[in-house]
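Presented below is the structure to which this report refers.
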There are 2 protein chains.
Amino acid sequence: MTIDSDDPPHPGPLPQGEREKSASAARARPNLRQALLSPRSVAIIGQSNDAAKTAGRPLKYLRQAGYAGAIYSVNRRREQVLGERAWPSLDALLTANAAFAEPDLPVGRIFAASHSGGMIGTLLSRGKARGIGFAGLASVGNEVDLSIGEICASTLDDPDIDAYLLFLETLRKADALRAFALGAAARGKPVVAYKLGRSSEARELALSHTGALAGEDDVASAFLADCGIARVDTLEGLLESLPLVARIPIASGPLRPRVGVVTTTGGGATMVIDRLAVSGVAVEAPSAATLARLGEAGIRAAPKRLIDLTVAGTRYETMKAALDILNAAPEFDLIVAVVGSSARFHPNLAVRPIIDSAGAKKPLAAFLVPEAPEALARLAQAGVPSFRTPEACADAIAAALKRRAPKPVVARTLGADNTAGRLLDAIEAGALLDRLGIPRAPAVALDADMTRAPDLPFPYPVAVKVLAAAIVHKTELGGVALDIGDGEALVAAVGRMRESIARRQPDARIDRVLVQPMVSGLGEVLIGYRVDADAGPLIMVAAGGVLTEIYRDRTLRLAPVDLAEARAMMREVQALKALAKYRGRPAGDLDALARATVALSQLAGDASVAEAEINPLIVNVQGVVAVDAFVRLA
Amino acid sequence: MTIDSDDPPHPGPLPQGEREKSASAARARPNLRQALLSPRSVAIIGQSNDAAKTAGRPLKYLRQAGYAGAIYSVNRRREQVLGERAWPSLDALLTANAAFAEPDLPVGRIFAASHSGGMIGTLLSRGKARGIGFAGLASVGNEVDLSIGEICASTLDDPDIDAYLLFLETLRKADALRAFALGAAARGKPVVAYKLGRSSEARELALSHTGALAGEDDVASAFLADCGIARVDTLEGLLESLPLVARIPIASGPLRPRVGVVTTTGGGATMVIDRLAVSGVAVEAPSAATLARLGEAGIRAAPKRLIDLTVAGTRYETMKAALDILNAAPEFDLIVAVVGSSARFHPNLAVRPIIDSAGAKKPLAAFLVPEAPEALARLAQAGVPSFRTPEACADAIAAALKRRAPKPVVARTLGADNTAGRLLDAIEAGALLDRLGIPRAPAVALDADMTRAPDLPFPYPVAVKVLAAAIVHKTELGGVALDIGDGEALVAAVGRMRESIARRQPDARIDRVLVQPMVSGLGEVLIGYRVDADAGPLIMVAAGGVLTEIYRDRTLRLAPVDLAEARAMMREVQALKALAKYRGRPAGDLDALARATVALSQLAGDASVAEAEINPLIVNVQGVVAVDAFVRLA
């Protein structure tokens with residue numbers, strides 16, 4: 001049974017209000033899954049009398065498919081449609097899609113859900129060509145009422161559904177999606193997703209505020225990953241990845257899974273290795289012990305990443321021996337077998353040993369380099385995850401290996417500082433950092449009209465800036481002065497500052513200035529927290545400065561994060577490599593940076609803060625120091 | 001007729017010397033093409049008597065294919081093989097590949113060449129499944145003798161060959177490949193290539209010297225692009241791209257081709273647009289005039305990048321009208337039509353109008369979102385470039401649009417300074433920059449044992465460094481001092497420098513030091529020239545500093561480049577965006593940087609220089625200044 005509601009609203013017999021009413025009625029039912037997927041009766045809104053029209057198809061397809069329940073056609077202008085009785089008002093919704101004409105569909109154990117209605121037909125037809133059937137499919141369009149998350153959640157306890165496949169256009173109704181994903185993970189039912197939007201023009205936006213994150217693709221990636229959903233990057237990867245994802249346990253720690261590759265064709269296997277490496281998945285060379293065992297089996301594999309059987313010859317015994325040895329080798333977590341021309345004409349040589357190894361304890365995947373549909377069908381029947389292109393193979397492997405355990409949702413309670421939407425000034429923001437335990441530069445507030453500088457609790461040189469949350473672009477307005485050597489220079493600098501701002505932003509009132517010691521270190525980074533409208537609380541680490549904006553070099557997680565997660569984030573920001581020990585320079589204290597990230601991410605439990613950004617956070621050989629912070633209340 | 005020589009050297013009846021001799025004999029023949037592709041006789045070296053063995057197949061397959069010429073089996077141990085006479089010595093070479101068993105191969109007008117023998121079978125079988133035939137195929141293994149370039153060049157004037165498809169593992173014998181590519185371009189025969197090695201561990205190497213470029217993938221990309229070869233990134237893109245590449249004229253200038261997309265399914269089309277954008281190809285929105293014309297045809301397209309016919313409905317007239325309007329719209333250079341579910345069951349609705357538009361003056365490509373083999377076959381028969389996956393579609397479009405005219409090979413003559421392998425010292429390097437017309441910071445050489453600093457031709461503060469080409473890591477050895485305020489400090493700094501180096505590198509002799517004014521500007525870049533062992537003379541532009549090493553942010557071309565090419569290079573280095581006008585900062589003089597790049601690339605005509613790198617080159621609001629240069633003679 002399939003559901004599709006992605007057809008655009010036709011300017012005709014369907015008032016929007018009635019559509020919504022009918023959908024709400026569906027939600028109010030006690031058993032959503034049954035209503036959606038095994039309805040006892042169906043109402044067709046706007047059923048046309050012309051079977052050639054889109055609006056004529058639902059009744060036609062339901063009758064053609066032998067639907068056994070009651071069908072109520074709704075048409076405000078006709079008393080009969082296609083020879084059957086029609087009603088002038090409505091009870092329920094369904095739509096039409098040419099894909100429903102697909103005959104002889106295989107039935108499977110995957111439930112598919114899509115924002116795009118057009119993709120339902122694509123999943124059906126491409127799946128059929130691969131022998132992949134579905135337990136059900138649903139498309140939801142703009143999710144005016146029911147969302148992908150709600151529909152999928154209603155099927156979680158269906159014993160006929162083992163896994164989920166999602167085609168997403170946005171992160172709309174992400175809370176429901178996350179709740180469903182947590183439920184799927186709890187039941188051991190894997191979820192893979194393809195999501196549009198890797199290239200949004202949002203990429204061109206600056207990184208200056210975490211506010212600019214909204215709708216960006218790496219937010220979606222972080223969200224899906226922290227929901228335990230495997231995100232694929234190719235259409236064929238979406239169709240072909242579930243058997244492999246289902247076989248690979250969710251990564252439980254920072255240890256990188258290790259992939260071994262055996263092949264009868266060097267060129268074909270290198271296509272997969274190349275693409276895996278670009279995706280950040282490294283293929284491992286066999287250990288000396290494994291090489292020795294291969295040698296005993298007559299396989300002279302060179303000590304390199306690829307175990308190439310070309311010299312040994314394409315024979316059943318050779319491939320089977322190689323697979324047995326790799327399965328027993330402790331250095332590999334996943335084995336990939338790549339078979340060349342023999343897969344097309346002689347599948348017994350190198351494909352059958354793969355089938356015969358399918359029961360081994362390690363996950364095994366196969367890529368057949370030539371066109372070899374019969375061998376692929378045999379592999380699929382034996383339950384071996386197998387792939388038609390090097391791109392889909394690498395895509396599925398990377399998605400499966402990168403899948404991580406979903407994070408629980410953290411309750412958010414309102415703190416004391418609930419003054420809606422207000423920006424904190426630097427002194428207030430400093431107090432928040434103190435509360436979170438994030439080290440910051442000392443600071444004192446001085447009257448802006450002072451004529452003599454008081455003694456400071458830290459030595460000169462100092463930096464001074466106007467203390468006014470309302471002035472966002474302090475530097476551009478002349479509201480920041482650096483490297484001030486003594487008290488006299490400080491008073492003069494503050495005087496110039498007041499003049500400059502009075503001239504450029506006459507309405508701004510400058511009562512106080514903030515004085516801090518000059519702080520320098522090995523490097524500067526930015527850490528940011530934000531409640532994203534779609535994804536919820538997020539924590540970000542990025543390098544500061546213009547180059548980071550250009551390279552979009554940052555990492556994101558749903559907040560809060562623990563120390564292990566924060567340490568993993570440190571490995572994902574390219575610029576932080578410059579803070580590692582390098583050409584005789586000392587290394588920056590990335591662990592202190594990770595601790596500060598954990599601390600900032602704790603804001604996820606505090607519903608009073610909407611956004612907090614520390615920029616720059618100075619990284620030293622020992623410790624980190626926050627120099628400036630921007631905080632906006634909820 | 002197919003050629004394959006990629007089988008590994010068997011440790012048996014085939015002495016390497018004889019293999020080489022036979023191949024050389026083939027090269028000495030007056031007509032290489034005939035010898036390779038239409039031989040009158042064939043000698044099979046090491047033909048086995050066992051038809052089940054790899055070494056038994058050549059004779060079997062030649063007989064099976066009905067080869068009409070003479071066959072000479074060579075076997076040093078037997079007088080008969082497979083019931084035929086065998087000879088104990090050899091005359092020529094051929095090999096065995098299971099792919100030769102492929103029956104009913106379509107014949108086409110594409111010549112394919114591959115380093116990997118295994119890929120020949122893949123091209124044959126995957127091509128056959130798509131109705132793609134070949135005029136010939138050759139694999140060359142390690143190119144011990146004949147290279148891909150030589151073999152393809154021998155077929156250039158074959159009237160039965162229209163285009164070339166290459167599967168490359170390396171850039172071995174690049175001169176021959178380049179000569180072939182120039183010949184193909186001169187004859188209007190397009191060449192597409194897939195090359196392994198995007199992910200080499202070489203990525204982890206530092207960028208400090210252009211010497212580290214060797215074997216890196218962006219060198220191969222620059223080489224292929226400057227040969228006029230379209231490089232694809234996916235296996236299916238390799239198979240499916242030639243019809244489109246052949247239809248798109250080579251880009252003649254910096255103007256970016258503009259792509260228009262029309263679809264019956266928003267989700268399916270967005271998959272292509274997303275991937276095109278990631279590849280740097282922007283899809284354009286229709287102009288107001290085009291939107292108006294679409295409106296007159298009953299197509300209410302929103303003013304956005306995608307012309308979505310979903311609301312208008314999937315009908316022949318709608319798609320045809322949309323294609324006609326887009327074909328007439330001056331804002332598009334290429335039209336992409338994406339068809340949803342109707343392509344599978346009702347190709348007359350949206351696929352036939354594409355076929356009927358194939359004769360229009362603008363290139364047109366089609367992606368069918370569902371599994372739709374019949375519609376694809378109809379499109380292929382009509383000569384419409386068409387694709388099975390969004391990834392292959394975007395890959396082929398990007399490769400076709402980025403193809404540029406090949407560069408002629410420049411003759412290299414020896415200059416005066418031919419002192420083999422020597423490093424120039426800073427004064428000599430400065431003289432080279434003067435000769436090339438690259439502005440540099442003034443510099444004077446002083447005796448290292450001076451007791452009083454002479455008057456300098458520029459004001460203090462100055463920088464001083466030891467003048468000794470043999471000392472490469474000057475900074476690490478204490479051989480550089482910056483920001484020296486007066487003559488006394490200069491003498492003291494030189495004294496400390498001599499002590500430091502005497503202690504750390506006692507064999508180094510410090511006679512002179514180089515003094516320069518302190519130079520600063522808006523930013524620093526690196527420009528480098530190098531004669532690559534594979535690709536030949538190369539010019540590179542990169543940003544300096546550790547971040548650039550991390551981000552691998554650089555652009556390469558075969559040298560020399562003209563000003564238009566150098567300006568295009570400026571747009572390809574991400575870090576240079578930081579030198580554009582930004583947040584009130586003035587813009588750097590990127591045109592002066594382009595002129596310096598042109599000047600340095602002129603070294604391609606001077607065979608006496610092996611490598612030259614200017615780092616840093618300071619970019620100012622007006623002009624650039626070279627501060628330090630490293631030059632190695634050939």
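In the structure tokens, chains take the letters A, B, ... in the order shown, each chain's residues start at 1, and ligands count up from 1 in the order shown.
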Extract the full set of helix (DSSP H, G or I) residues from range 359-593 of chain A according to DSSP on the backbone, and format it as a CSV table (one decimal) with C-alpha atoms, in the first residue's frame.
chain,number,residue,atom,x,y,z
A,373,PRO,CA,23.3,-8.4,-13.3
A,374,GLU,CA,23.0,-12.2,-12.6
A,375,ALA,CA,25.9,-12.2,-10.2
A,376,LEU,CA,24.4,-9.2,-8.4
A,377,ALA,CA,21.1,-11.0,-8.1
A,378,ARG,CA,22.9,-14.0,-6.6
A,379,LEU,CA,24.7,-11.8,-4.1
A,380,ALA,CA,21.5,-10.0,-3.2
A,381,GLN,CA,19.7,-13.3,-2.7
A,390,PRO,CA,32.4,2.4,-7.2
A,391,GLU,CA,30.7,5.6,-6.1
A,392,ALA,CA,27.7,3.9,-4.5
A,393,CYS,CA,29.9,1.3,-2.9
A,394,ALA,CA,32.2,3.9,-1.3
A,395,ASP,CA,29.2,6.1,-0.4
A,396,ALA,CA,27.4,3.3,1.4
A,397,ILE,CA,30.6,2.1,3.2
A,398,ALA,CA,31.4,5.6,4.4
A,399,ALA,CA,27.8,6.2,5.6
A,400,ALA,CA,27.7,2.9,7.4
A,401,LEU,CA,31.0,3.4,9.1
A,402,LYS,CA,30.3,7.0,10.2
A,426,ALA,CA,30.4,42.2,28.1
A,427,ILE,CA,30.3,42.2,31.9
A,428,GLU,CA,27.1,40.0,31.9
A,429,ALA,CA,28.5,37.7,29.3
A,430,GLY,CA,31.7,37.3,31.4
A,431,ALA,CA,29.5,36.3,34.3
A,432,LEU,CA,27.8,33.7,32.2
A,433,LEU,CA,31.2,32.3,31.2
A,434,ASP,CA,32.2,32.2,34.8
A,435,ARG,CA,29.1,30.2,35.7
A,436,LEU,CA,29.9,27.7,32.9
A,487,GLY,CA,46.9,55.2,32.2
A,488,GLU,CA,47.3,58.5,30.3
A,489,ALA,CA,47.0,56.7,26.9
A,490,LEU,CA,44.0,54.9,28.2
A,491,VAL,CA,42.1,58.1,29.1
A,492,ALA,CA,43.0,59.6,25.7
A,493,ALA,CA,41.9,56.5,23.9
A,494,VAL,CA,38.5,56.5,25.6
A,495,GLY,CA,38.1,60.2,24.7
A,496,ARG,CA,38.8,59.5,21.0
A,497,MET,CA,36.4,56.6,21.2
A,498,ARG,CA,33.5,58.7,22.6
A,499,GLU,CA,34.1,61.3,19.9
A,500,SER,CA,34.2,58.8,17.1
A,501,ILE,CA,31.0,57.1,18.2
A,502,ALA,CA,29.2,60.3,18.9
A,503,ARG,CA,29.9,61.3,15.3
A,504,ARG,CA,29.0,58.0,13.6
A,546,VAL,CA,38.6,35.6,7.3
A,547,LEU,CA,40.2,32.3,6.0
A,548,THR,CA,37.9,30.2,8.1
A,549,GLU,CA,34.9,32.0,6.6
A,550,ILE,CA,36.3,31.3,3.1
A,551,TYR,CA,37.0,27.6,3.8
A,563,LEU,CA,34.3,15.3,26.4
A,564,ALA,CA,34.7,12.3,24.0
A,565,GLU,CA,32.5,14.0,21.5
A,566,ALA,CA,34.2,17.4,21.9
A,567,ARG,CA,37.6,15.7,21.3
A,568,ALA,CA,36.2,14.1,18.2
A,569,MET,CA,35.1,17.6,17.1
A,570,MET,CA,38.7,18.8,17.5
A,574,GLN,CA,41.2,21.4,9.6
A,575,ALA,CA,42.6,24.7,11.0
A,576,LEU,CA,43.2,23.1,14.4
A,577,LYS,CA,46.0,21.1,12.7
A,578,ALA,CA,47.9,24.4,12.8
A,579,LEU,CA,47.7,24.2,16.6
A,590,LEU,CA,43.3,21.2,22.4
A,591,ASP,CA,42.0,19.4,25.4
A,592,ALA,CA,41.3,22.6,27.2
A,593,LEU,CA,39.5,23.7,24.0
Can you tell me which residues surround Ser116 in chain A at a distance of at most 8 Å, considering only C-alpha atoms, apart from same-chain residues fewer than 6 positions away, and format the answer as a list in words?
Asp6, Ser139, Val140, Gly141, Phe167, Leu168 and Glu169 of chain A; Gly266 and Gly267 of chain B
Identify all chain B residues at most 6 Å from chain A by counting only C-alpha atoms; ligands do not count. Present them as an MDAnalysis selection string.
chainID B and resid 98:99 116 118 121:122 125:126 199 265 267 274 277:278 341 370:371
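Excluding Gly521 in chain A itself and same-chain residues fewer than 4 positions from it, the residues having an atom within 9 Å of it are Gly588, Ile618, Val619, Asn620, Val621, Val624 and Val625 of chain A, counting only C-alpha atoms.
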So, with only C-alpha atoms as the atoms that count, which of A:Pro286, A:Ala360, A:Lys304, A:Leu556 lies closest to Ala329 in chain A?
A:Pro286
I need the residues in range 381-605 of chain B that are strand (DSSP E) according to DSSP; give them as a ChimeraX atom specification.
/B:386-387,444-447,462-466,480-484,512-517,523-532,536-543,554-558
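The interatomic distance for the pair CA of Ala86 in chain A and CA of Arg63 in chain A works out to 14.9 Å.
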Counting only C-alpha atoms, which residue out of B:Leu244, B:Ala193, B:Val513, B:Ile151 sits closest to Leu467 in chain B?
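That would be B:Val513, the residue with the smallest distance to Leu467 in chain B.
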Between A:Val192, A:Asp104, A:Val466, A:Val219, which residue has the minimum interatomic distance to Gly237 in chain A, considering only C-alpha atoms?
A:Val192
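Between CA of Thr318 in chain B and CA of Glu296 in chain B there is a distance of 11.4 Å.
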Shell around Ala301 in chain B at 7 Å using only C-alpha atoms, local window under 3 positions removed, as a PyMOL selection string:
chain B and resi 291+307-308
Residues from the last selection, N, CA, C and O atoms, saved as a tab-separated table (two decimals), in the first residue's frame:
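File again_36.tsv, as written:
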chain	number	residue	atom	x	y	z
B	291	LEU	N	10.49	34.19	-18.34
B	291	LEU	CA	9.36	33.87	-17.48
B	291	LEU	C	8.05	34.32	-18.12
B	291	LEU	O	7.04	33.61	-18.07
B	307	ILE	N	12.91	25.44	-13.50
B	307	ILE	CA	11.63	25.61	-14.19
B	307	ILE	C	10.85	24.31	-14.01
B	307	ILE	O	11.10	23.32	-14.69
B	308	ASP	N	9.94	24.34	-13.05
B	308	ASP	CA	9.24	23.12	-12.63
B	308	ASP	C	7.86	23.09	-13.27
B	308	ASP	O	7.04	23.97	-13.05
